[in-house]
Structure formats: C-alpha cells, structure tokens
>>> print(open('input.tsv').read())   # TSV, C-alpha atoms
chain	number	residue	atom	x	y	z
A	1	MET	CA	34.83	39.41	-63.77
A	2	THR	CA	34.56	35.65	-64.20
A	3	THR	CA	33.79	34.28	-67.63
A	4	LEU	CA	30.42	32.81	-66.63
A	5	LYS	CA	29.32	36.00	-64.89
A	6	SER	CA	30.38	38.13	-67.87
A	7	LYS	CA	28.49	35.77	-70.21
A	8	LEU	CA	25.36	36.26	-68.06
A	9	GLN	CA	25.86	40.05	-68.25
A	10	GLU	CA	26.33	39.98	-72.04
A	11	ASP	CA	23.27	37.76	-72.49
A	12	LEU	CA	21.25	40.13	-70.29
A	13	ASN	CA	22.23	43.06	-72.53
A	14	VAL	CA	21.21	41.09	-75.63
A	15	ALA	CA	17.90	40.06	-74.02
A	16	ILE	CA	17.13	43.68	-73.11
A	17	LYS	CA	17.87	44.84	-76.67
A	18	GLU	CA	15.67	42.07	-78.08
A	19	ARG	CA	12.94	42.94	-75.56
A	20	ASP	CA	12.93	39.34	-74.28
A	21	GLU	CA	11.16	39.99	-70.96
A	22	LEU	CA	11.40	36.43	-69.60
A	23	ARG	CA	15.11	36.04	-70.31
A	24	SER	CA	16.05	39.53	-69.12
A	25	SER	CA	14.13	39.27	-65.84
A	26	THR	CA	15.56	35.79	-65.15
A	27	LEU	CA	19.12	36.93	-65.82
A	28	ARG	CA	18.62	40.08	-63.71
A	29	LEU	CA	17.47	37.99	-60.76
A	30	THR	CA	20.37	35.58	-61.19
A	31	LEU	CA	22.94	38.37	-61.42
A	32	ALA	CA	21.41	39.93	-58.31
A	33	ALA	CA	21.80	36.60	-56.48
A	34	ILE	CA	25.45	36.43	-57.61
A	35	THR	CA	26.08	39.98	-56.41
A	36	LYS	CA	24.41	39.19	-53.09
A	37	GLU	CA	26.70	36.18	-52.71
A	38	GLU	CA	29.75	38.34	-53.54
A	39	VAL	CA	28.98	40.88	-50.82
A	40	ALA	CA	27.94	38.32	-48.20
A	41	GLY	CA	30.42	37.94	-45.37
A	42	LYS	CA	32.94	40.38	-44.00
A	43	GLU	CA	34.33	41.70	-47.29
A	44	LYS	CA	33.35	41.86	-50.96
A	45	ARG	CA	34.96	39.25	-53.18
A	46	GLU	CA	34.84	38.03	-56.77
A	47	LEU	CA	33.16	34.64	-57.22
A	48	SER	CA	34.92	31.95	-59.24
A	49	ASP	CA	33.10	30.26	-62.14
A	50	ASP	CA	32.41	27.26	-59.88
A	51	GLU	CA	30.84	29.49	-57.24
A	52	VAL	CA	28.78	31.33	-59.87
A	53	GLN	CA	27.63	27.95	-61.18
A	54	LYS	CA	26.53	26.94	-57.66
A	55	VAL	CA	24.45	30.13	-57.43
A	56	ILE	CA	22.84	29.34	-60.81
A	57	ILE	CA	22.12	25.76	-59.65
A	58	ARG	CA	20.51	27.13	-56.48
A	59	GLU	CA	18.40	29.59	-58.50
A	60	ALA	CA	17.30	26.84	-60.93
A	61	LYS	CA	16.30	24.64	-57.98
A	62	LYS	CA	14.22	27.51	-56.56
A	63	ARG	CA	12.41	27.78	-59.90
A	64	ARG	CA	11.64	24.04	-59.99
A	65	GLU	CA	10.32	24.09	-56.43
A	66	ALA	CA	8.23	27.19	-57.10
A	67	ALA	CA	6.81	25.64	-60.29
A	68	ASP	CA	5.77	22.54	-58.31
A	69	ALA	CA	4.20	24.67	-55.58
A	70	PHE	CA	2.26	26.78	-58.10
A	71	ALA	CA	1.12	23.67	-59.97
A	72	GLN	CA	-0.16	22.11	-56.74
A	73	GLY	CA	-1.86	25.37	-55.86
A	74	GLY	CA	-3.74	25.38	-59.16
A	75	ARG	CA	-1.85	28.34	-60.64
A	76	ALA	CA	-0.77	26.81	-63.94
A	77	GLU	CA	0.19	30.12	-65.56
A	78	GLN	CA	2.61	30.98	-62.73
A	79	ALA	CA	3.98	27.40	-62.79
A	80	GLU	CA	4.69	27.68	-66.53
A	81	ARG	CA	6.54	30.97	-65.98
A	82	GLU	CA	8.75	29.37	-63.29
A	83	LYS	CA	9.45	26.37	-65.54
A	84	ALA	CA	10.41	28.70	-68.40
A	85	GLU	CA	12.77	30.62	-66.10
A	86	GLY	CA	14.30	27.30	-65.01
A	87	GLU	CA	14.89	26.39	-68.66
A	88	VAL	CA	16.66	29.71	-69.26
A	89	LEU	CA	18.98	28.99	-66.32
A	90	ALA	CA	19.56	25.39	-67.48
A	91	THR	CA	21.35	26.72	-70.55
A	92	TYR	CA	24.13	27.99	-68.25
A	93	LEU	CA	24.55	24.67	-66.42
A	94	PRO	CA	26.56	21.61	-67.44
A	95	GLN	CA	24.72	18.76	-69.15
A	96	GLN	CA	22.94	16.58	-66.59
A	97	LEU	CA	24.01	12.95	-66.29
A	98	SER	CA	21.65	10.31	-67.65
A	99	ASP	CA	20.28	7.71	-65.22
A	100	GLU	CA	22.62	5.09	-66.73
A	101	GLN	CA	25.70	7.29	-66.32
A	102	LEU	CA	24.73	8.10	-62.73
A	103	GLN	CA	24.17	4.39	-61.93
A	104	GLU	CA	27.60	3.57	-63.35
A	105	ILE	CA	29.36	6.21	-61.23
A	106	VAL	CA	27.45	5.15	-58.10
A	107	ALA	CA	28.25	1.47	-58.71
A	108	GLN	CA	31.98	2.27	-58.94
A	109	ALA	CA	31.78	4.33	-55.73
A	110	VAL	CA	29.99	1.47	-53.90
A	111	GLU	CA	32.80	-0.89	-54.97
A	112	GLU	CA	35.41	1.60	-53.73
A	113	ALA	CA	33.59	2.00	-50.41
A	114	LYS	CA	33.32	-1.79	-49.98
A	115	ALA	CA	37.03	-2.14	-50.71
A	116	ALA	CA	37.63	0.42	-47.94
A	117	GLY	CA	35.53	-1.66	-45.53
A	118	ALA	CA	32.15	0.13	-45.63
A	119	GLU	CA	29.19	-2.28	-45.83
A	120	GLY	CA	25.38	-2.06	-46.02
A	121	PRO	CA	23.23	1.02	-45.43
A	122	ARG	CA	25.85	2.49	-43.09
A	123	ALA	CA	28.14	2.92	-46.11
A	124	MET	CA	25.89	5.73	-47.43
A	125	GLY	CA	28.13	8.54	-46.15
A	126	ALA	CA	31.31	6.95	-47.49
A	127	VAL	CA	29.75	6.37	-50.91
A	128	MET	CA	28.32	9.92	-51.07
A	129	LYS	CA	31.81	11.33	-50.30
A	130	ILE	CA	33.18	9.44	-53.30
A	131	VAL	CA	30.28	10.22	-55.67
A	132	ASN	CA	29.63	13.93	-54.98
A	133	PRO	CA	32.92	15.32	-56.38
A	134	LYS	CA	32.50	13.20	-59.53
A	135	VAL	CA	28.96	14.41	-60.29
A	136	ALA	CA	29.19	18.00	-59.00
A	137	GLY	CA	26.76	20.14	-60.97
A	138	GLN	CA	25.73	17.26	-63.22
A	139	ALA	CA	23.21	15.56	-60.94
A	140	GLU	CA	21.00	16.81	-58.14
A	141	GLY	CA	21.84	15.67	-54.62
A	142	GLY	CA	18.46	13.99	-54.12
A	143	ARG	CA	18.86	12.00	-57.32
A	144	VAL	CA	22.35	10.89	-56.28
A	145	ALA	CA	21.22	9.90	-52.77
A	146	ALA	CA	18.31	7.87	-54.20
A	147	ALA	CA	20.66	6.00	-56.55
A	148	VAL	CA	23.11	5.27	-53.70
A	149	LYS	CA	20.31	4.02	-51.39
A	150	LYS	CA	18.94	1.79	-54.16
A	151	LEU	CA	22.32	0.17	-54.79
A	152	LEU	CA	23.19	-0.24	-51.10
A	153	ALA	CA	19.79	-1.79	-50.33
A	154	GLY	CA	19.85	-4.11	-53.32
>>> encode(input="input.tsv", output="structure tokens")
Amino acid sequence: MTTLKSKLQEDLNVAIKERDELRSSTLRLTLAAITKEEVAGKEKRELSDDEVQKVIIREAKKRREAADAFAQGGRAEQAEREKAEGEVLATYLPQQLSDEQLQEIVAQAVEEAKAAGAEGPRAMGAVMKIVNPKVAGQAEGGRVAAAVKKLLAG
C-alpha cells in the first residue's frame, strides 16, 4: 500500500474512533475513488503516491464545484458541507503556489518558449508544456492557463 493511501486509511480509522462524521465520510468516499481507480482497466493495480494524489485533487475539485452549484442553487447548508469536505481533502495535498510564485514560474516558461521560437498567443501550448510539470499539484490548470494567457497577451 502506498504511503499516502495508508495515511488516508489510518486517518479514517482515527476519525471513526473519534466519531468525526464529516472527516470519516470524506475519507471513505476518497478511498472508494482510489479503489475504483485501482480496479479500472484490464487488471487491478496499486496506485503510486502521485496517482493517489491526482485522485485526491480530482475529488477536491468535485467538492469545490458542488459547493458552487449548491451556493448558486440557494442551498447554503449543503454548500458549507461540500466546502468542509474540500478542506479535509486539502490537508492531503501539497501547498498551493501563491499568485506571485505562479507568475514567476510562468514568466520563466514564457522566456524559455520565446527562446525556442514561440511567439504571441500561439505560444500558449508551448508555455503550458513547460509550466505544467513544474506546478503539478500545486496550482489548478485553470489558474495556470489564465496566468499564461495574461502574460502572453501583455
């Protein structure tokens, strides 16, 4: 079992013993999503920590989107629950980059892309290829794309 997955399992056991309903249900759902990912495809396999982290990122994104949808639908109580679940999952994710750190990484990538001959808005793909591995798990794709567009347009 990977270290991240075993940490989730241990934390689930602690949450159950402490009768922490929010934490235990969130971790159960996340572990179920990890198991589903492990058995997807032709044969069962063990996920690496990076793959487990991607599942957690996907689950956290689902919670954010659901919270927004509930808030727009006027169901504040449900939105708060989704936000709380997202916060539980955030504790298992790497620290997010600040806007300044992201801008710095994107600026370096734009310089690299220009040095390689990519110019203007068409350079978006080249810049994203440089930036994505550097910020994996530390910044959302939409945030990265917005920063790249802003720098390429400006």
>>> closest_residue(input="input.tsv", among="A:Ala69, A:Ala146, A:Val110, A:Leu93", to="Lys129 (chain A)", atoms="all atoms listed in the file")
A:Val110
>>> closest_residue(input="input.tsv", among="A:Pro133, A:Leu22, A:Lys44, A:Lys36", to="Glu80 (chain A)", atoms="all atoms listed in the file")
A:Leu22
>>> atom_distance(input="input.tsv", atom1="CA of Asp20 (chain A)", atom2="CA of Glu65 (chain A)")
23.6 Å
>>> residues_around(input="input.tsv", residues="region 4-8 of chain A", least_positions_apart="6", cutoff="12 Å", atoms="all atoms listed in the file", output="MDAnalysis selection string")
chainID A and resid 14:15 23:35 38 46:56 88:89 91:94
>>> atom_distance(input="input.tsv", atom1="CA of Glu59 (chain A)", atom2="CA of Ala126 (chain A)")
28.3 Å
>>> closest_residue(input="input.tsv", among="A:Val144, A:Ile57, A:Met128, A:Ala67", to="Ala90 (chain A)", atoms="all atoms listed in the file")
A:Ile57
>>> closest_residue(input="input.tsv", among="A:Ala79, A:Val148, A:Ile16, A:Ala71", to="Gln108 (chain A)", atoms="all atoms listed in the file")
A:Val148
>>> closest_residue(input="input.tsv", among="A:Ala147, A:Ala123, A:Ala76, A:Ala139", to="Ala107 (chain A)", atoms="only C-alpha atoms")
A:Ala147
>>> atom_distance(input="input.tsv", atom1="CA of Ala116 (chain A)", atom2="CA of Leu151 (chain A)")
16.8 Å
>>> residues_around(input="input.tsv", residues="Ala109 (chain A)", least_positions_apart="5", cutoff="8 Å", atoms="all atoms listed in the file", output="VMD selection string")
chain A and resid 127 130 to 131
>>> write_last_selection(input="input.tsv", atoms="C-alpha atoms", output="PDB file, in the frame of the given file")
ATOM      1  CA  VAL A 127      29.750   6.370 -50.910  1.00  0.00           C
ATOM      2  CA  ILE A 130      33.180   9.440 -53.300  1.00  0.00           C
ATOM      3  CA  VAL A 131      30.280  10.220 -55.670  1.00  0.00           C
TER       4      VAL A 131
END
>>> closest_residue(input="input.tsv", among="A:Glu10, A:Glu104, A:Glu140, A:Glu82", to="Ala66 (chain A)", atoms="all atoms listed in the file")
A:Glu82
